[in-house]
Amino acid sequence: MYILGISAFYHDSAACLIKDGDIVAAAQEERFTRKKHDHNFPAKAITYCLASQNLKPNDLALVAFYDKPFLKFERILETYLAFAPLGFSSFIKSMPLWIKEKLWMKEYIKSQIGYSGKVIFPEHHESHAASAFFPSPFNQAAILTMDGVGEWTTTSCGAGSGNKIDLFSEIKFPHSLGLLYSAFTYYAGFKVNSGEYKVMGLAPYGEPKYTSLIFDHIIDLKEDGSFRMNMDYFNYCAGLTMTNSKFHDLFGGPPRIPESNLTQKEMDIARSIQDVTEEIVFRLGKHIHKETGSKNLCLAGGVALNCVANGKLLKQGPFENIWIQPAAGDAGGALGAALVGWYNYFGNPRLADNINDSQKGSYLGPEFSNDEILSFLNSKGLPYQKFSDVELTSRIADLIGSEKIIGWFSGRMEFGPRALGSRSIIGDARSPKMQALMNIKIKFREGFRPFAPSVLEEKVSDYFELSCPSPYMLLVADVKKERQKKMTNDDEKLFGIDKLNILRSDIPAVTHIDYSARIQTVNKKTNPLYHRLISDFNDKYGYAVIVNTSFNVRGEPIVCTPADAYLCFMRTNIDYLVLGNYLLSKDEQLPLKNDSDWKKEFGLD
């Protein structure tokens with residue numbers, strides 16, 4: 001029995017296919033269209049999912065869409081009426097798509113994919129909750145979902161047991177932790193729905209100078225984690241911006257102009273909203289633990305991508321185990337919707353072993369065989385060397401050891417926003433210059449952005465204050481004390497970005513300025529080749545950890561195909577490219593043609 005899940009029309013549209021309850025394929029539309037956070041109907045992702053199992057649309061037993069369009073439309077109408085005549089322009093802009101497509105979603109889905117069967121519509125946070133609980137290893141767990149907004153709900157608390165989910169409390173729009181964080185993302189001059197990572201990365205450079213101001217004026221937080229926001233300071237209900245003049249007056253000026261120089265103020269703003277977010281998540285966690293008595297917690301929704309808050313909740317909170325959906329945002333709603341169909345609609349039983357999840361490392365996207373890669377290389381006349389698996393990992397370990405930067409394209413593409421060793425750029429975590437080099441010359445992004453370590457799962461405790469797996473790069477923990485390097489008196493006197501180049505540990509490329517790291521543990525079963533690579537590096541150089549960042553440049557999605565990877569390789573200062581078992585050296589490649597001509601030649605325009 002096959003069930004297709006779909007999420008679309010807000011951001012990060014995606015499709016997911018499950019077979020008899022087993023997740024067999026999932027991907028975001030952006031990876032195929034090359035439009036970052038693509039919100040359009042995921043036609044290409046659906047095509048991939050169906051083709052992966054040689055299916056026609058009517059082979060599907062069910063299609064599940066990740067929210068209820070009529071409830072969402074009700075929220076938009078009621079919000080407009082509550083604030084009218086403010087917001088008329090944004091209301092008018094949104095109406096054509098609703099009238100043309102969104103209110104006729106069942107018919108639209110059927111016509112787009114050529115399907116004539118049953119379509120179901122779980123609620124948005126039900127889809128998030130299903131994506132968190134059902135792939136987790138737990139037969140019983142508390143569930144917490146937090147995002148911007150679904151239909152009405154912005155936060156939900158519940159519990160899962162077997163094949164059932166019960167969401168017993170919620171916070172409703174316009175009171176939203178996700179939108180609160182996005183408002184400060186906007187105020188700090190970053191793009192909403194993509195710049196939140198930057199705020200989280202910037203926070204350790206600042207001081208929580210505005211925390212009391214936020215609690216005194218912006219949000220009323222209760223002991224159980226419930227909250228109400230003072231909407232006098234926000235514009236997102238009625239306008240096209242997140243904050244208004246009253247907000248700007250409170251924080252001492254207008255929003256930072258995007259791409260302008262960062263100041264200490266933005267760093268302090270970032271630290272303050274991060275601290276507020278962590279406090280809210282911590283109180284919600286305590287409350288849901290009290291209500292459920294469970295030792296396990298499952299998280300989803302865009303706020304669950306805040307790995308700093310996740311790490312502190314695990315370290316300081318009441319739960320023994322936390323499992324976070326790697327595609328925690330709207331993309332994961334496609335997976336959750338499909339699982340609602342399997343467990344709730346069809347009532348199938350569920351078994352979990354409390355050890356292994358069913359997410360398969362989130363390696364659920366397209367894969368390209370060596371024959372397909374060879375065909376691509378030969379068709380373009382590209383020079384390469386071929387290696388066996390054993391030869392390849394040994395060679396790449398040596399290249400990393402000599403501070404070369406590698407584009408690593410291997411196996412199935414990851415589902416979710418993180419590269420996990422299939423579509424990754426990798427380097428030497430011991431190198432003091434690696435963070436700056438990767439940020440400025442490879443990723444073309446802000447120099448303060450931290451990089452994550454990929455570490456052998458069995459050796460994570462040798463490097464970090466973490467005793468459990470973190471396969472999806474969604475937990476932050478400190479570097480081990482014995483690996484940290486104390487700051488000098490002169491270092492202590494530095495402020496803000498001036499702290500960036502201080503060496504803080506023997507793995508400086510993955511150590512953030514607060515001695516933390518966003519960790520990916522690498523499991524031998526879920527990604528054996530990547531595990532072998534890091535093992536070879538450990539055998540040769542004595543470190544079971546390397547730098548891992550997503551294989552893309554700023555403003556573009558993670559690469560999907562060999563052609564995507566080659567273009568990114570040639571447009572950056574990456575030294576070597578691995579495509580399956582083939583290795584390409586930058587020194588041996590001909591200069592890249594005019595960008596638009598090259599894209600056209602490789603079918604990427």
# chains A, B, ... in the order shown; residues from 1 in each chain; ligands from 1
>>> residues_around(residues="Leu305 (chain A)", least_positions_apart="6", cutoff="8 Å", atoms="only C-alpha atoms", output="VMD selection string")
chain A and resid 326 328 to 329 474
>>> select_by_dssp(residues="region 381-486 of chain A", states="strand (DSSP E)", output="ChimeraX atom specification")
/A:385-386,406-409,423-427,452-456,475-478
>>> write_last_selection(atoms="all heavy atoms", output="compact mmCIF listing (two decimals), in the first residue's frame")
# COMPACT_ATOMS: atom_id res chain seq x y z
N GLN A 385 39.29 10.79 -12.04
CA GLN A 385 39.89 9.51 -11.66
C GLN A 385 38.82 8.67 -10.99
O GLN A 385 37.95 9.22 -10.30
CB GLN A 385 41.05 9.72 -10.69
CG GLN A 385 42.30 10.34 -11.27
CD GLN A 385 43.37 10.50 -10.21
OE1 GLN A 385 43.29 11.39 -9.37
NE2 GLN A 385 44.37 9.61 -10.22
N LYS A 386 38.89 7.36 -11.16
CA LYS A 386 37.95 6.47 -10.49
C LYS A 386 38.68 5.66 -9.42
O LYS A 386 39.81 5.20 -9.64
CB LYS A 386 37.27 5.52 -11.48
CG LYS A 386 36.18 4.68 -10.80
CD LYS A 386 35.44 3.76 -11.77
CE LYS A 386 34.33 3.01 -11.02
NZ LYS A 386 33.61 2.06 -11.91
N ILE A 406 36.60 19.64 0.09
CA ILE A 406 36.03 18.59 -0.78
C ILE A 406 34.53 18.78 -0.93
O ILE A 406 33.81 18.94 0.07
CB ILE A 406 36.29 17.18 -0.18
CG1 ILE A 406 37.73 17.04 0.32
CG2 ILE A 406 35.90 16.10 -1.19
CD1 ILE A 406 38.78 17.16 -0.75
N GLY A 407 34.04 18.72 -2.16
CA GLY A 407 32.62 18.57 -2.41
C GLY A 407 32.29 17.09 -2.44
O GLY A 407 32.83 16.36 -3.27
N TRP A 408 31.44 16.65 -1.51
CA TRP A 408 31.18 15.22 -1.31
C TRP A 408 29.75 14.91 -1.74
O TRP A 408 28.79 15.30 -1.09
CB TRP A 408 31.41 14.87 0.16
CG TRP A 408 31.15 13.45 0.57
CD1 TRP A 408 30.00 12.96 1.13
CD2 TRP A 408 32.04 12.33 0.48
NE1 TRP A 408 30.13 11.62 1.39
CE2 TRP A 408 31.37 11.21 1.01
CE3 TRP A 408 33.35 12.17 0.01
CZ2 TRP A 408 31.97 9.95 1.09
CZ3 TRP A 408 33.95 10.92 0.08
CH2 TRP A 408 33.26 9.82 0.60
N PHE A 409 29.61 14.19 -2.85
CA PHE A 409 28.32 13.86 -3.45
C PHE A 409 28.24 12.35 -3.52
O PHE A 409 28.90 11.71 -4.33
CB PHE A 409 28.25 14.49 -4.86
CG PHE A 409 26.97 14.26 -5.60
CD1 PHE A 409 26.01 15.27 -5.70
CD2 PHE A 409 26.71 13.06 -6.25
CE1 PHE A 409 24.84 15.09 -6.41
CE2 PHE A 409 25.53 12.87 -6.97
CZ PHE A 409 24.60 13.88 -7.05
N ARG A 423 25.29 15.19 0.50
CA ARG A 423 25.48 16.40 -0.33
C ARG A 423 26.17 17.44 0.55
O ARG A 423 25.60 18.44 0.95
CB ARG A 423 24.14 16.92 -0.84
CG ARG A 423 23.28 15.92 -1.62
CD ARG A 423 23.88 15.61 -2.99
NE ARG A 423 22.98 14.79 -3.79
CZ ARG A 423 22.95 13.46 -3.76
NH1 ARG A 423 23.76 12.80 -2.95
NH2 ARG A 423 22.12 12.79 -4.54
N SER A 424 27.44 17.17 0.87
CA SER A 424 28.17 17.96 1.86
C SER A 424 29.46 18.55 1.28
O SER A 424 30.03 18.00 0.33
CB SER A 424 28.54 17.10 3.08
OG SER A 424 27.40 16.72 3.82
N ILE A 425 29.89 19.66 1.85
CA ILE A 425 31.24 20.17 1.66
C ILE A 425 31.99 19.88 2.95
O ILE A 425 31.51 20.22 4.04
CB ILE A 425 31.24 21.68 1.36
CG1 ILE A 425 30.47 21.98 0.07
CG2 ILE A 425 32.66 22.21 1.27
CD1 ILE A 425 30.24 23.46 -0.19
N ILE A 426 33.14 19.22 2.83
CA ILE A 426 33.84 18.74 4.02
C ILE A 426 35.28 19.25 4.05
O ILE A 426 35.87 19.58 3.02
CB ILE A 426 33.80 17.20 4.11
CG1 ILE A 426 34.35 16.56 2.83
CG2 ILE A 426 32.38 16.72 4.37
CD1 ILE A 426 34.37 15.04 2.86
N GLY A 427 35.83 19.32 5.28
CA GLY A 427 37.19 19.81 5.46
C GLY A 427 37.73 19.40 6.81
O GLY A 427 37.09 18.65 7.56
N ALA A 452 29.36 22.81 11.30
CA ALA A 452 29.06 21.66 12.15
C ALA A 452 30.13 20.59 12.00
O ALA A 452 30.75 20.43 10.95
CB ALA A 452 27.71 21.07 11.75
N PRO A 453 30.36 19.82 13.07
CA PRO A 453 31.21 18.64 12.97
C PRO A 453 30.42 17.40 12.61
O PRO A 453 29.31 17.20 13.10
CB PRO A 453 31.77 18.52 14.39
CG PRO A 453 30.67 19.06 15.27
CD PRO A 453 29.97 20.13 14.46
N SER A 454 31.00 16.58 11.75
CA SER A 454 30.55 15.20 11.60
C SER A 454 31.52 14.34 12.39
O SER A 454 32.73 14.37 12.14
CB SER A 454 30.55 14.77 10.13
OG SER A 454 29.50 15.35 9.41
N VAL A 455 31.00 13.58 13.35
CA VAL A 455 31.84 12.79 14.23
C VAL A 455 31.32 11.36 14.26
O VAL A 455 30.11 11.13 14.20
CB VAL A 455 31.88 13.41 15.65
CG1 VAL A 455 30.48 13.52 16.25
CG2 VAL A 455 32.81 12.65 16.58
N LEU A 456 32.21 10.40 14.35
CA LEU A 456 31.78 9.01 14.47
C LEU A 456 30.89 8.87 15.69
O LEU A 456 31.24 9.34 16.78
CB LEU A 456 32.99 8.09 14.59
CG LEU A 456 33.96 8.04 13.40
CD1 LEU A 456 35.09 7.05 13.69
CD2 LEU A 456 33.24 7.67 12.10
N LEU A 475 21.14 18.94 17.63
CA LEU A 475 21.49 19.16 19.03
C LEU A 475 22.82 19.90 19.10
O LEU A 475 23.75 19.59 18.36
CB LEU A 475 21.61 17.84 19.79
CG LEU A 475 20.33 17.03 20.01
CD1 LEU A 475 20.67 15.68 20.64
CD2 LEU A 475 19.35 17.79 20.90
N VAL A 476 22.89 20.88 19.98
CA VAL A 476 24.13 21.60 20.25
C VAL A 476 24.64 21.18 21.62
O VAL A 476 23.87 21.05 22.57
CB VAL A 476 23.90 23.13 20.20
CG1 VAL A 476 25.05 23.88 20.85
CG2 VAL A 476 23.73 23.59 18.76
N ALA A 477 25.94 20.94 21.70
CA ALA A 477 26.58 20.61 22.98
C ALA A 477 27.96 21.24 23.01
O ALA A 477 28.52 21.62 21.97
CB ALA A 477 26.67 19.09 23.16
N ASP A 478 28.54 21.36 24.18
CA ASP A 478 29.86 21.97 24.33
C ASP A 478 30.96 21.00 23.91
O ASP A 478 30.84 19.77 24.08
CB ASP A 478 30.10 22.38 25.78
CG ASP A 478 29.29 23.61 26.18
OD1 ASP A 478 28.78 24.31 25.27
OD2 ASP A 478 29.14 23.85 27.39
>>> residues_around(residues="region 581-585 of chain A", least_positions_apart="6", cutoff="9 Å", atoms="only C-alpha atoms", output="PyMOL selection string")
chain A and resi 370+373-374+382-389+392+410+575
>>> residues_around(residues="Gly150 (chain A)", least_positions_apart="5", cutoff="9 Å", atoms="only C-alpha atoms", output="PyMOL selection string")
chain A and resi 67-68+72+123-125+173
>>> select_by_dssp(residues="region 234-474 of chain A", states="helix (DSSP H, G or I)", output="count of residues only")
107
>>> atom_distance(atom1="CA of Phe184 (chain A)", atom2="CA of Val199 (chain A)")
8.3 Å
>>> residues_around(residues="Arg430 (chain A)", least_positions_apart="3", cutoff="8 Å", atoms="only C-alpha atoms", output="PDB file with C-alpha atoms, in the first residue's frame")
ATOM      1  CA  ASP A 506      41.891  21.667  19.094  1.00  0.00           C
ATOM      2  CA  ILE A 507      38.997  21.441  16.578  1.00  0.00           C
ATOM      3  CA  PRO A 508      38.616  25.210  15.970  1.00  0.00           C
ATOM      4  CA  ALA A 509      36.763  24.965  12.656  1.00  0.00           C
TER       5      ALA A 509
END
>>> residues_around(residues="region 229-236 of chain A", least_positions_apart="4", cutoff="8 Å", atoms="only C-alpha atoms", output="VMD selection string")
chain A and resid 174 to 176 183 217 to 220 240 to 247
>>> closest_residue(among="A:Lys295, A:Arg418, A:Arg283, A:Lys540", to="Leu221 (chain A)", atoms="only C-alpha atoms")
A:Arg283
>>> residues_around(residues="Thr561 (chain A)", least_positions_apart="5", cutoff="10 Å", atoms="only C-alpha atoms", output="tab-separated table (two decimals) with C-alpha atoms, in the first residue's frame")
chain	number	residue	atom	x	y	z
A	31	ARG	CA	16.11	20.72	-4.96
A	32	PHE	CA	14.62	20.15	-8.41
A	366	PRO	CA	17.44	10.88	-5.38
A	367	GLU	CA	20.54	8.74	-5.85
A	368	PHE	CA	22.78	8.51	-8.91
A	373	ILE	CA	27.67	9.71	-13.10
A	409	PHE	CA	28.32	13.86	-3.45
A	413	MET	CA	20.14	13.14	-1.05
A	423	ARG	CA	25.48	16.40	-0.33
A	566	TYR	CA	29.75	20.27	-10.74
A	579	LEU	CA	30.82	12.18	-7.50
>>> closest_atom_pairs(of="region 301-365 of chain A", to="region 55-63 of chain A", cutoff="9 Å", atoms="only C-alpha atoms", output="Markdown table")
| residue | atom | partner | partner_atom | distance |
| --- | --- | --- | --- | --- |
| A:Ala337 | CA | A:Val63 | CA | 8.6 |
| A:Ala338 | CA | A:Val63 | CA | 7.2 |
| A:Gly341 | CA | A:Leu62 | CA | 7.3 |
| A:Trp342 | CA | A:Leu62 | CA | 8.9 |
>>> closest_residue(among="A:Asn523, A:Asn356, A:Gln112, A:Asn54", to="Pro137 (chain A)", atoms="only C-alpha atoms")
A:Asn356
>>> atom_distance(atom1="CA of Thr549 (chain A)", atom2="CA of Asn439 (chain A)")
9.8 Å
>>> atom_distance(atom1="CA of Ala142 (chain A)", atom2="CA of Leu299 (chain A)")
8.8 Å
>>> closest_residue(among="A:Gly148, A:Pro254, A:Gly21, A:Gly361", to="Gly336 (chain A)", atoms="only C-alpha atoms")
A:Gly21
>>> closest_residue(among="A:Asn548, A:Ser212, A:Gln140, A:Gln435", to="Ser422 (chain A)", atoms="only C-alpha atoms")
A:Asn548
